[in-house]
Structures are given as structure tokens and as C-alpha cells.
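A.B. asks: The structure is given below, and queries will be raised subsequently.
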Amino acid sequence: MQSQADGSYYTFQEIITQPPAWRAVLQDADQQAGALRSFWRPEKTQEVICIGCGSTHYLARTAAATFQGMTGVSGKAYPASELLLFPDMVLSNGAGRMLVAISRSGETTETLRAMETFRARDSGPVIGVVCYPGTSLERITSISLVAREAHEQSVAQTRSFTSMLVAVQSLVSIMAGQPLTGRFCELPELGAAIIKESLDLAQQLGGDAALERFYFLGGGPFYGLACEAMLKMKEMSLSYSEAYHFLEFRHGPMSMVNRQTLVVGLLSEAALPHEIAVLKDMRTLGGRVLAVTPVKVPSEAADYQIVLPKGLTDMERGALYLPALQLLAFYRSLHNGLNPDAPTNLTAVVSLDI
Ligand code: F1P
């Protein structure tokens with residue numbers, strides 16, 4: 001059972017109020033659909049480059065996979081600093097690029113300078129995804145999606161991350177010529193139900209003193225989300241946590257699996273049997289397994305499972321994986337005697353003199 005004290009943390013409040021922020025994003029994206037579409041010229045666009053820093057770099061990874069998966073146009077993701085410091089490694093010769101710059105604050109120096117680097121070399125559109133209106137980022141973009149209800153007091157991104165994810169998915173749907181209708185638009189209701197369902201399990205595992213290591217596995221559009229879940233665990237709770245692609249985990253990292261390990265699988269529909277096989281192997285090695293999954297998996301593959309609602313594609317379901325994993329990090333932070341609202345050594349925005 002949750003205690004009243006949980007609700008006194010900004011982080012907890014931001015995690016549980018994600019669904020209304022997603023609803024606002026869906027409404028705004030729908031209103032901007034015509035304008036957003038006017039920047040999409042598939043016949044002229046050879047590549048979509050997605051950038052961000054930290055959490056938003058991981059979001060960029062999911063964004064790039066989603067762009068390519070839904071439009072067929074090449075999607076690549078980089079930390080903003082790579083575009084800034086190694087532009088020749090990021091921008092190949094030839095025209096036809098679009099840049100998607102993602103930043104909660106819209107003020108992270110590396111992201112702004114990287115956008116200027118792109119602008120100086122390429123005439124393609126620059127699309128911004130951000131949580132505050134009127135930022136420095138917006139001034140460099142051709143058009144921006146603002147997740148206006150997703151701003152946060154906390155340093156660690158939770159509500160902002162999933163809201164910008166929904167913004168990116170809306171953007172890709174619009175550009176792929178798919179109207180924002182159907183099950184995708186029910187994400188807010190589905191998310192509220194998942195948060196309610198997963199609270200107790202997240203609290204139980206977050207507070208489990210027998211667990212010492214956390215591994216997050218995901219592939220395709222879910223690799224970026226696995227990285228984000230890993231980062232939440234580190235930032236909030238200073239715990240040992242890593243993220244891998246599912247099948248990569250067998251190539252070395254699984255030597256770390258023991259009885260003190262929780263392996264969290266973010267399962268896809270596309271690769272489900274292969275991912276289930278990895279989880280079974282990890283249980284055989286003595287690890288404990290939490291599966292966040294689009295369909296129920298056999299009990300040999302998972303000690304715990306959060307089964308996500310049906311009717312969404314791998315490209316649409318992403319936001320539903322994260323609330324339980326954010327809560328896991330929140331409760332691990334409390335278990336470790338830390339303040340989840342004030343992660344060690346971190347500030348909300350990294351401003352550099354460059
Ligand atoms: C991104 C960032 C992350 C970091 C932390 C605070 O800023 O600095 O790198 O992990 O969560 O935010 P932004 O460009 O998205 O505002």
C-alpha cells in the first residue's frame with residue numbers, strides 16, 4: 001500500500017499524472033496536423049536525424065526507430081553532442097534531411113548548438129519537441145510540438161519523457177498520413193489503468209532488499225525506452241543498472257546475473273518468442289524477471305508480469321511501458337534513503353559555455 005508520504009514528492013505526482021499530459025499532446029498534435037504535414041516531403045527526405053541529451057537522447061533513439069518503422073525513411077539517432085562535435089560523422093554528403101530536436105527544457109546548450117550546426121549545413125526542416133513554450137529551441141525550429149502539461153519540478157524526467165514520446169509518435173503518424181484516431185488516442189485512459197495496476201508491484205520490487213542489480217532489455221523502438229528506464233534507476237536511486245538489446249544480453253552481460261538481479265524485459269510483438277527465450281534463460285541462471293509485455297508470457301519466462309492492453313502496435317504502445325518502471329526507480333530511491341526529487345550531482349538543465 002502507498003503511504004501518504006509518497007504523494008509529497010513531485011516525482012510521484014508527476015509519474016501518476018502522465019495521462020492528462022498525454023491527452024493534451026494528442027489534442028494539440030491533432031490541431032497542428034496540417035502545419036506539421038506541410039514540412040514532410042518523403043520524396044525529398046532521405047534521412048530523419050533525431051537528437052537529444054540524456055533522457056531525450058534515449059527518446060531520440062525511439063523516435064528514429066519509429067520514423068523508419070512507420071514511414072520507411074531512414075531514421076538515425078545521436079546524442080546532440082555528436083552532431084555538434086563530429087558533424088562530418090553525422091551529416092553525410094547529399095541533401096534531403098530533416099532534424100528532430102527533443103528537449104524538455106528547450107535550453108540545453110548542446111542541443112541548441114547542434115541545431116545551429118545542422119542549420120548551417122542543411123536546408124531541411126527542423127522540428128522541435130519540447131515541454132515549455134517560447135524556449136530558445138523553438139526559435140531555431142521550423143515548427144514545434146509543445147507538451148504543455150508535461151513540465152516538471154523534478155530533475156529526473158518522467159511525465160515529460162512519455163509526453164514527448166506521445167508527441168513524437170503523433171508527429172510520425174501525421175507525417176505517415178495516418179489520422180490520430182482509434183486505440184492510440186485511448187492512451188490516456190489505458191495509461192491511468194496501468195499506473196493503478198502496477199503501483200503495488202513497483203513498490204514491492206523497489207523495496208526488495210534482496211535485489212541489487214537491475215537490467216532493462218528492449219529492442220526496436222523499445223531499446224530507447226529500456227535505456228530510459230535504466231537512467232531513471234541510476235538517477236533516482238544510485239543503483240547498479242544497465243540496458244541492453246534482448247539478444248545482446250547473452251553475449252557477455254548475462255555473466256552478471258545472479259539471485260540479486262532483476263531483469264526487466266520490455267517485450268515487443270515483433271520479436272516476442274526470441275525475447276521470451278532470453279527471459280527464460282535468465283531465470284534458469286537464477287535471476288528474477290519482470291516482463292512488461294503486450295501478451296501474457298509463460299510462467300517459466302517471468303516471475304512478475306505487467307500485461308499491456310491489446311490493440312496497439314509496437315510503434316504506438318511505448319508510453320505504457322514506462323510508468324511502472326519509473327515507479328520502480330522511485331521506490332528504490334526511497335528504499336535507498338534518497339530523495340527522488342533531488343538526484344545526486346544533477347541539475348534539470350545542463351548549460352555550457354560553448
Ligand atoms: C536533458 C537532461 C537529461 C538528464 C536529466 C535532466 O535535458 O539534462 O540529460 O538526464 O534528466 O535533463 P533536456 O534537453 O531534455 O531539457
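As shown in the C-alpha cells, the chain order sets the letters A, B, ...; within each chain, residues go from 1, and ligands are also counted from 1 in the order they appear.
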If you count only C-alpha atoms, which residues fall within 12 Å of Thr181 in chain A, apart from same-chain ones fewer than 4 positions away, as an NGL selection string?
C.D. replies: :A and (26-27 or 29-30 or 170 or 173-174 or 177 or 185-187 or 312 or 316)
A.B. asks: Give as an MDAnalysis selection string the residues surrounding ligand 1 up to a distance of 10 Å, considering only C-alpha atoms and all ligand atoms.
C.D. replies: chainID A and resid 51:59 79:80 101:112 129:132 137 154:158 160:161 164 228 231:232 234:236 343 346:351
A.B. asks: Considering only C-alpha atoms, can you say which of A:Leu352, A:Leu290, A:Val90, A:Leu205 comes closest to Ser333 in chain A?
C.D. replies: A:Leu205
A.B. asks: Of the residues A:Arg61, A:Arg37, A:Arg113, A:Arg159, which is the one nearest to Leu84 in chain A, using only C-alpha atoms?
C.D. replies: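 So, comparing all the options, the nearest one is A:Arg113.
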A.B. asks: So which residues of range 39-72 of chain A fall under helix (DSSP H, G or I) by DSSP, listed as an MDAnalysis selection string?
C.D. replies: chainID A and resid 55:71
A.B. asks: Counting only C-alpha atoms, what is within 12 Å of His274 in chain A, bar same-chain residues fewer than 6 positions away, as a ChimeraX atom specification?
C.D. replies: /A:218-219,245-248,250,265,267-268,280-281,297,301
A.B. asks: To one decimal place, how far is CA of Gln305 in chain A from CA of Ala63 in chain A in Å?
C.D. replies: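 Atom-to-atom, CA of Gln305 in chain A to CA of Ala63 in chain A, that is 25.8 Å.
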A.B. asks: Can you pull out the residues contacting Met230 in chain A? Cut-off 8 Å, using only C-alpha atoms, and skip same-chain residues under 5 positions away; I want them as a PDB file with N, CA, C and O atoms, in the first residue's frame.
C.D. replies:
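Saved to part-v2.pdb:
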```pdb
ATOM      1  N   PHE A 214      19.969  -4.190 -11.584  1.00  0.00           N
ATOM      2  CA  PHE A 214      18.785  -4.059 -12.438  1.00  0.00           C
ATOM      3  C   PHE A 214      19.218  -3.985 -13.900  1.00  0.00           C
ATOM      4  O   PHE A 214      20.059  -3.144 -14.263  1.00  0.00           O
ATOM      5  N   TYR A 215      18.638  -4.852 -14.734  1.00  0.00           N
ATOM      6  CA  TYR A 215      18.916  -4.846 -16.172  1.00  0.00           C
ATOM      7  C   TYR A 215      17.611  -4.632 -16.923  1.00  0.00           C
ATOM      8  O   TYR A 215      16.599  -5.268 -16.589  1.00  0.00           O
ATOM      9  N   PHE A 216      17.664  -3.747 -17.908  1.00  0.00           N
ATOM     10  CA  PHE A 216      16.472  -3.424 -18.704  1.00  0.00           C
ATOM     11  C   PHE A 216      16.744  -3.819 -20.147  1.00  0.00           C
ATOM     12  O   PHE A 216      17.721  -3.343 -20.749  1.00  0.00           O
ATOM     13  N   SER A 241      22.520  -0.240 -12.637  1.00  0.00           N
ATOM     14  CA  SER A 241      21.511  -0.572 -13.653  1.00  0.00           C
ATOM     15  C   SER A 241      22.087  -0.391 -15.050  1.00  0.00           C
ATOM     16  O   SER A 241      22.888   0.509 -15.285  1.00  0.00           O
ATOM     17  N   GLU A 242      21.697  -1.277 -15.943  1.00  0.00           N
ATOM     18  CA  GLU A 242      22.187  -1.232 -17.317  1.00  0.00           C
ATOM     19  C   GLU A 242      21.052  -1.594 -18.272  1.00  0.00           C
ATOM     20  O   GLU A 242      20.086  -2.240 -17.869  1.00  0.00           O
ATOM     21  N   ALA A 243      21.225  -1.198 -19.544  1.00  0.00           N
ATOM     22  CA  ALA A 243      20.225  -1.516 -20.571  1.00  0.00           C
ATOM     23  C   ALA A 243      20.903  -2.197 -21.746  1.00  0.00           C
ATOM     24  O   ALA A 243      22.025  -1.820 -22.121  1.00  0.00           O
TER      25      ALA A 243
END
```
